[in-house]
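With CSV, C-alpha atoms inside, this is structure27.csv:
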```csv
chain,number,residue,atom,x,y,z
A,1,GLY,CA,31.3,-139.7,-60.0
A,2,GLN,CA,31.6,-137.6,-63.1
A,3,ASN,CA,28.7,-136.3,-65.1
A,4,ILE,CA,28.3,-133.8,-67.8
A,5,ASP,CA,24.9,-132.7,-68.9
A,6,GLN,CA,24.1,-130.7,-72.1
A,7,PRO,CA,21.1,-130.7,-74.4
A,8,THR,CA,21.2,-133.3,-77.2
A,9,GLU,CA,20.0,-131.1,-80.0
A,10,MET,CA,19.1,-127.5,-80.6
A,11,THR,CA,17.9,-125.6,-83.6
A,12,ALA,CA,18.2,-121.9,-84.5
A,13,THR,CA,17.8,-119.5,-87.3
A,14,GLU,CA,20.6,-117.8,-89.3
A,15,GLY,CA,21.4,-114.4,-87.7
A,16,ALA,CA,20.0,-115.4,-84.3
A,17,ILE,CA,21.7,-115.9,-80.9
A,18,VAL,CA,21.8,-119.3,-79.2
A,19,GLN,CA,23.0,-120.4,-75.8
A,20,ILE,CA,24.1,-123.9,-75.1
A,21,ASN,CA,24.2,-124.9,-71.4
A,22,CYS,CA,26.4,-127.4,-69.7
A,23,THR,CA,26.3,-128.6,-66.1
A,24,TYR,CA,29.0,-130.8,-64.7
A,25,GLN,CA,30.2,-132.8,-61.8
A,26,THR,CA,33.8,-133.9,-61.7
A,27,SER,CA,36.0,-135.2,-58.9
A,28,GLY,CA,38.6,-132.5,-59.7
A,29,PHE,CA,38.3,-129.3,-61.7
A,30,ASN,CA,40.9,-127.0,-63.3
A,31,GLY,CA,38.8,-125.3,-65.9
A,32,LEU,CA,36.3,-125.9,-68.7
A,33,PHE,CA,36.7,-126.2,-72.5
A,34,TRP,CA,34.3,-125.9,-75.3
A,35,TYR,CA,35.0,-127.6,-78.6
A,36,GLN,CA,33.2,-127.5,-82.0
A,37,GLN,CA,32.9,-130.6,-84.1
A,38,HIS,CA,31.5,-130.7,-87.6
A,39,ALA,CA,30.1,-134.0,-88.9
A,40,GLY,CA,32.9,-136.4,-89.9
A,41,GLU,CA,35.7,-134.1,-88.6
A,42,ALA,CA,37.8,-133.8,-85.5
A,43,PRO,CA,36.9,-131.5,-82.6
A,44,THR,CA,38.4,-128.0,-82.7
A,45,PHE,CA,39.1,-125.7,-79.7
A,46,LEU,CA,36.7,-122.9,-79.2
A,47,SER,CA,37.2,-121.5,-75.6
A,48,TYR,CA,38.6,-122.2,-72.2
A,49,ASN,CA,37.4,-120.8,-68.9
A,50,VAL,CA,39.3,-121.2,-65.7
A,51,LEU,CA,37.9,-118.2,-63.7
A,52,ASP,CA,34.2,-117.4,-63.1
A,53,GLY,CA,32.8,-115.0,-65.6
A,54,LEU,CA,32.4,-114.4,-69.3
A,55,GLU,CA,35.1,-114.9,-71.9
A,56,GLU,CA,34.4,-113.3,-75.3
A,57,LYS,CA,36.0,-114.2,-78.6
A,58,GLY,CA,34.4,-112.7,-81.6
A,59,ARG,CA,30.9,-114.2,-82.2
A,60,PHE,CA,31.5,-116.8,-79.5
A,61,SER,CA,31.4,-116.2,-75.7
A,62,SER,CA,31.7,-118.7,-72.9
A,63,PHE,CA,30.6,-118.3,-69.3
A,64,LEU,CA,31.7,-120.3,-66.2
A,65,SER,CA,30.3,-120.5,-62.6
A,66,ARG,CA,32.6,-122.9,-60.7
A,67,SER,CA,30.4,-122.8,-57.6
A,68,LYS,CA,27.3,-123.9,-59.6
A,69,GLY,CA,29.1,-126.4,-61.8
A,70,TYR,CA,27.7,-124.5,-64.8
A,71,SER,CA,28.9,-123.2,-68.1
A,72,TYR,CA,27.3,-121.9,-71.3
A,73,LEU,CA,28.4,-121.2,-74.8
A,74,LEU,CA,26.8,-118.2,-76.5
A,75,LEU,CA,26.9,-118.0,-80.3
A,76,LYS,CA,25.8,-114.7,-81.9
A,77,GLU,CA,25.0,-113.8,-85.4
A,78,LEU,CA,24.5,-117.4,-86.3
A,79,GLN,CA,25.8,-118.6,-89.7
A,80,MET,CA,25.0,-121.8,-91.6
A,81,LYS,CA,28.5,-122.9,-91.0
A,82,ASP,CA,27.9,-122.9,-87.2
A,83,SER,CA,25.8,-126.1,-87.7
A,84,ALA,CA,27.9,-128.6,-85.8
A,85,SER,CA,28.2,-130.4,-82.5
A,86,TYR,CA,29.4,-128.4,-79.5
A,87,LEU,CA,31.2,-130.3,-76.8
A,88,CYS,CA,31.5,-129.2,-73.2
A,89,ALA,CA,34.6,-130.6,-71.5
A,90,PRO,CA,35.6,-129.9,-67.9
A,91,GLU,CA,39.2,-130.5,-67.1
A,92,ASP,CA,39.8,-132.9,-64.3
A,93,THR,CA,43.5,-132.9,-63.3
A,94,ASP,CA,45.3,-133.7,-66.6
A,95,LYS,CA,42.3,-135.1,-68.5
A,96,LEU,CA,39.3,-133.7,-70.2
A,97,ILE,CA,35.9,-135.3,-69.5
A,98,PHE,CA,33.7,-134.8,-72.6
A,99,GLY,CA,29.9,-134.6,-72.6
A,100,THR,CA,27.9,-136.2,-75.4
A,101,GLY,CA,27.7,-132.9,-77.1
A,102,THR,CA,24.9,-130.6,-78.4
A,103,ARG,CA,24.1,-130.9,-82.1
A,104,LEU,CA,23.1,-127.4,-83.3
A,105,GLN,CA,21.3,-127.0,-86.6
A,106,VAL,CA,21.1,-123.6,-88.1
A,107,PHE,CA,18.3,-122.9,-90.6
A,108,PRO,CA,18.1,-120.1,-93.2
B,109,ASP,CA,47.0,-126.4,-87.5
B,110,ALA,CA,48.9,-128.5,-85.0
B,111,GLY,CA,51.1,-131.1,-86.6
B,112,ILE,CA,49.3,-134.3,-85.7
B,113,THR,CA,48.6,-137.2,-88.0
B,114,GLN,CA,46.9,-140.6,-87.5
B,115,SER,CA,47.4,-143.7,-89.5
B,116,PRO,CA,45.7,-145.5,-91.0
B,117,ARG,CA,42.7,-143.3,-91.6
B,118,HIS,CA,40.4,-146.2,-92.3
B,119,LYS,CA,40.7,-149.8,-91.5
B,120,VAL,CA,38.5,-152.9,-91.7
B,121,THR,CA,39.6,-155.9,-89.8
B,122,GLU,CA,38.2,-159.2,-88.6
B,123,THR,CA,37.3,-160.2,-85.1
B,124,GLY,CA,40.2,-161.6,-83.2
B,125,THR,CA,43.0,-159.9,-85.2
B,126,PRO,CA,45.4,-157.5,-83.6
B,127,VAL,CA,45.3,-153.9,-84.7
B,128,THR,CA,47.7,-151.0,-84.1
B,129,LEU,CA,46.8,-147.4,-84.7
B,130,ARG,CA,49.5,-144.7,-84.8
B,131,CYS,CA,49.5,-141.1,-83.7
B,132,HIS,CA,52.4,-138.9,-84.8
B,133,GLN,CA,53.0,-135.3,-83.7
B,134,THR,CA,55.6,-132.8,-84.7
B,135,GLU,CA,54.8,-130.3,-81.9
B,136,ASN,CA,57.0,-131.8,-79.2
B,137,HIS,CA,54.0,-131.8,-76.9
B,138,ARG,CA,54.3,-133.7,-73.6
B,139,TYR,CA,50.7,-135.1,-73.4
B,140,MET,CA,49.1,-137.4,-75.9
B,141,TYR,CA,45.6,-139.0,-75.6
B,142,TRP,CA,43.6,-141.7,-77.3
B,143,TYR,CA,39.8,-141.4,-77.5
B,144,ARG,CA,37.0,-143.3,-79.1
B,145,GLN,CA,33.8,-141.6,-80.3
B,146,ASP,CA,30.5,-143.5,-80.6
B,147,PRO,CA,27.0,-142.2,-81.1
B,148,GLY,CA,25.3,-141.5,-77.8
B,149,HIS,CA,28.6,-141.6,-75.9
B,150,GLY,CA,30.6,-138.7,-77.0
B,151,LEU,CA,34.4,-138.8,-76.7
B,152,ARG,CA,35.7,-141.3,-74.2
B,153,LEU,CA,39.3,-141.5,-73.0
B,154,ILE,CA,41.0,-144.8,-73.6
B,155,HIS,CA,44.6,-144.2,-72.5
B,156,TYR,CA,46.9,-141.2,-72.2
B,157,SER,CA,50.5,-140.4,-71.9
B,158,TYR,CA,52.3,-137.7,-69.9
B,159,GLY,CA,55.8,-138.4,-71.2
B,160,VAL,CA,57.9,-141.1,-72.9
B,161,LYS,CA,57.1,-144.4,-71.4
B,162,ASP,CA,54.6,-142.8,-69.0
B,163,THR,CA,51.0,-143.8,-69.6
B,164,ASP,CA,47.8,-144.2,-67.7
B,165,LYS,CA,44.4,-145.7,-68.2
B,166,GLY,CA,41.3,-143.7,-69.1
B,167,GLU,CA,37.6,-144.4,-68.8
B,168,VAL,CA,37.4,-147.3,-71.3
B,169,SER,CA,40.8,-149.0,-71.3
B,170,ASP,CA,39.8,-152.7,-71.3
B,171,GLY,CA,40.9,-154.4,-74.5
B,172,TYR,CA,43.4,-151.7,-75.4
B,173,SER,CA,47.1,-151.1,-74.7
B,174,VAL,CA,49.4,-148.3,-75.6
B,175,SER,CA,53.1,-147.5,-76.0
B,176,ARG,CA,55.1,-144.4,-76.2
B,177,SER,CA,58.8,-145.0,-76.9
B,178,LYS,CA,59.3,-141.5,-78.5
B,179,THR,CA,57.9,-138.1,-77.8
B,180,GLU,CA,56.3,-137.9,-81.2
B,181,ASP,CA,54.6,-141.3,-81.4
B,182,PHE,CA,51.8,-142.8,-79.4
B,183,LEU,CA,50.5,-146.2,-80.5
B,184,LEU,CA,47.2,-147.8,-79.6
B,185,THR,CA,46.9,-151.6,-79.9
B,186,LEU,CA,43.8,-153.7,-79.9
B,187,GLU,CA,45.2,-157.1,-78.9
B,188,SER,CA,42.3,-159.0,-80.3
B,189,ALA,CA,39.7,-156.8,-82.0
B,190,THR,CA,36.0,-157.3,-81.2
B,191,SER,CA,33.0,-155.8,-82.9
B,192,SER,CA,32.4,-153.6,-79.9
B,193,GLN,CA,35.6,-151.8,-80.8
B,194,THR,CA,34.2,-150.6,-84.1
B,195,SER,CA,34.5,-146.8,-83.6
B,196,VAL,CA,36.1,-143.6,-84.7
B,197,TYR,CA,39.4,-143.2,-82.8
B,198,PHE,CA,40.9,-139.8,-82.2
B,199,CYS,CA,44.4,-138.9,-81.0
B,200,ALA,CA,45.0,-135.6,-79.2
B,201,ILE,CA,48.0,-133.7,-78.0
B,202,ALA,CA,48.5,-131.0,-75.4
B,203,GLY,CA,51.4,-128.8,-74.3
B,204,ARG,CA,53.5,-128.8,-71.2
B,205,ASP,CA,50.7,-127.5,-69.1
B,206,PRO,CA,47.7,-129.8,-69.4
B,207,SER,CA,45.4,-126.8,-69.0
B,208,TYR,CA,46.3,-125.9,-72.6
B,209,GLU,CA,43.9,-126.9,-75.2
B,210,GLN,CA,44.1,-130.3,-76.7
B,211,TYR,CA,44.6,-130.5,-80.5
B,212,PHE,CA,43.0,-133.4,-82.2
B,213,GLY,CA,44.2,-135.6,-85.1
B,214,PRO,CA,41.9,-136.3,-88.1
B,215,GLY,CA,40.6,-139.6,-86.7
B,216,THR,CA,40.7,-143.2,-87.7
B,217,ARG,CA,37.6,-145.1,-88.6
B,218,LEU,CA,37.9,-148.7,-87.5
B,219,THR,CA,35.4,-151.4,-88.5
B,220,VAL,CA,35.7,-154.8,-86.9
B,221,THR,CA,33.7,-157.5,-88.8
```
In structure tokens, what does this structure look like?
Amino acid sequence: GQNIDQPTEMTATEGAIVQINCTYQTSGFNGLFWYQQHAGEAPTFLSYNVLDGLEEKGRFSSFLSRSKGYSYLLLKELQMKDSASYLCAPEDTDKLIFGTGTRLQVFP
Amino acid sequence: DAGITQSPRHKVTETGTPVTLRCHQTENHRYMYWYRQDPGHGLRLIHYSYGVKDTDKGEVSDGYSVSRSKTEDFLLTLESATSSQTSVYFCAIAGRDPSYEQYFGPGTRLTVT
């Protein structure tokens, strides 16, 4: 079967660092995407990992361990605008399988 | 921003009526997808297309059909709408290699009364 597990909600303080974990089980696996979705808006692409290791892009970094079926998204220097849902999406053949997402609230 | 639009953006319809949602892209991307998003379920794939006239079912395809007669348009039809199909529907597109990121349209909020 296919299963994606990530925390439902997280809170953090402006300027802090937060790590959002994702574990997955899929029948096929090509890579893993992270998307950001603000309330009432469409998801937007954040990162893509196909190899094991850390991919850094500005304040956001994403890590993948294929053998463990595990990924995390690291957000540094949190800003109020980072309050959003973060969607973990493993790629299975030519489709993405989305988790329910982690709703992050950033407080001043 | 990727050139992807959805129409209508909002629709209210009655149970039992047919409804068609349209997704239009100007990127000439091969892959197109229809998702629905509901609280507690996240994004779920309804149908997708990997080329003109080439479509396949997703996780929640029952009650939905699709058509793609041109590269730029992907239509989602609810043959007889039910209240359980009240949702936000997103279209997405992806380039030649499906490992490229998917770009999402703005969404259509459908309410079935």
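Residue list for chain A within 6 Å of chain B: Ala42, Asp94, Phe98 and Thr100 of chain A, counting all atoms listed in the file.
The gap separating atom CA of A:Ile17 from atom CA of A:Leu96 is 27.2 Å, in Å to one decimal.
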Residues within 10 Å of A:Gln79, all atoms listed in the file, excluding chain neighbours under 6 positions, as a list in words
Ala12, Thr13, Glu14, Gly15, Ala16, Val106, Phe107 and Pro108 of chain A
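Distance annotation: of A:Ser71, A:Gly31, A:Lys95, A:Tyr24, the residue with the minimal separation from A:Asn3 is A:Tyr24; atom set is all atoms listed in the file.
As for atom CA of B:Pro126 and atom CA of B:Asp164, they are spaced 20.9 Å apart.
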Computed interatomic separation between atom CA of A:Leu46 and atom CA of A:Phe60 (Å)
8.0 Å
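Each of B:Arg176, B:Lys119, B:Arg144, B:His132 was compared to B:Lys161 using all atoms listed in the file, and B:Arg176 turns out to be the nearest.
The shell of residues at most 9 Å from B:Thr190, with all atoms listed in the file counted and near chain neighbours (fewer than 3 positions) removed, consists of Glu122, Thr123, Gly124, Thr125, Gly171, Leu186, Gln193, Thr194, Val220 and Thr221 of chain B.
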As a CSV table (one decimal) with C-alpha atoms, keeping the file's coordinate frame, please: the residues near A:Glu55 (cut-off 12 Å, only C-alpha atoms, same-chain neighbours under 4 positions excluded).
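The result, stored in part_24.csv:
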```
chain,number,residue,atom,x,y,z
A,32,LEU,CA,36.3,-125.9,-68.7
A,33,PHE,CA,36.7,-126.2,-72.5
A,34,TRP,CA,34.3,-125.9,-75.3
A,46,LEU,CA,36.7,-122.9,-79.2
A,47,SER,CA,37.2,-121.5,-75.6
A,48,TYR,CA,38.6,-122.2,-72.2
A,49,ASN,CA,37.4,-120.8,-68.9
A,50,VAL,CA,39.3,-121.2,-65.7
A,51,LEU,CA,37.9,-118.2,-63.7
A,59,ARG,CA,30.9,-114.2,-82.2
A,60,PHE,CA,31.5,-116.8,-79.5
A,61,SER,CA,31.4,-116.2,-75.7
A,62,SER,CA,31.7,-118.7,-72.9
A,63,PHE,CA,30.6,-118.3,-69.3
A,64,LEU,CA,31.7,-120.3,-66.2
A,65,SER,CA,30.3,-120.5,-62.6
A,71,SER,CA,28.9,-123.2,-68.1
A,72,TYR,CA,27.3,-121.9,-71.3
A,73,LEU,CA,28.4,-121.2,-74.8
A,74,LEU,CA,26.8,-118.2,-76.5
```
Pick out the closest residue to A:Ser83 from this set: A:Asp5, A:Thr11, A:Asp52, A:Ser67. Count all atoms listed in the file.
A:Thr11
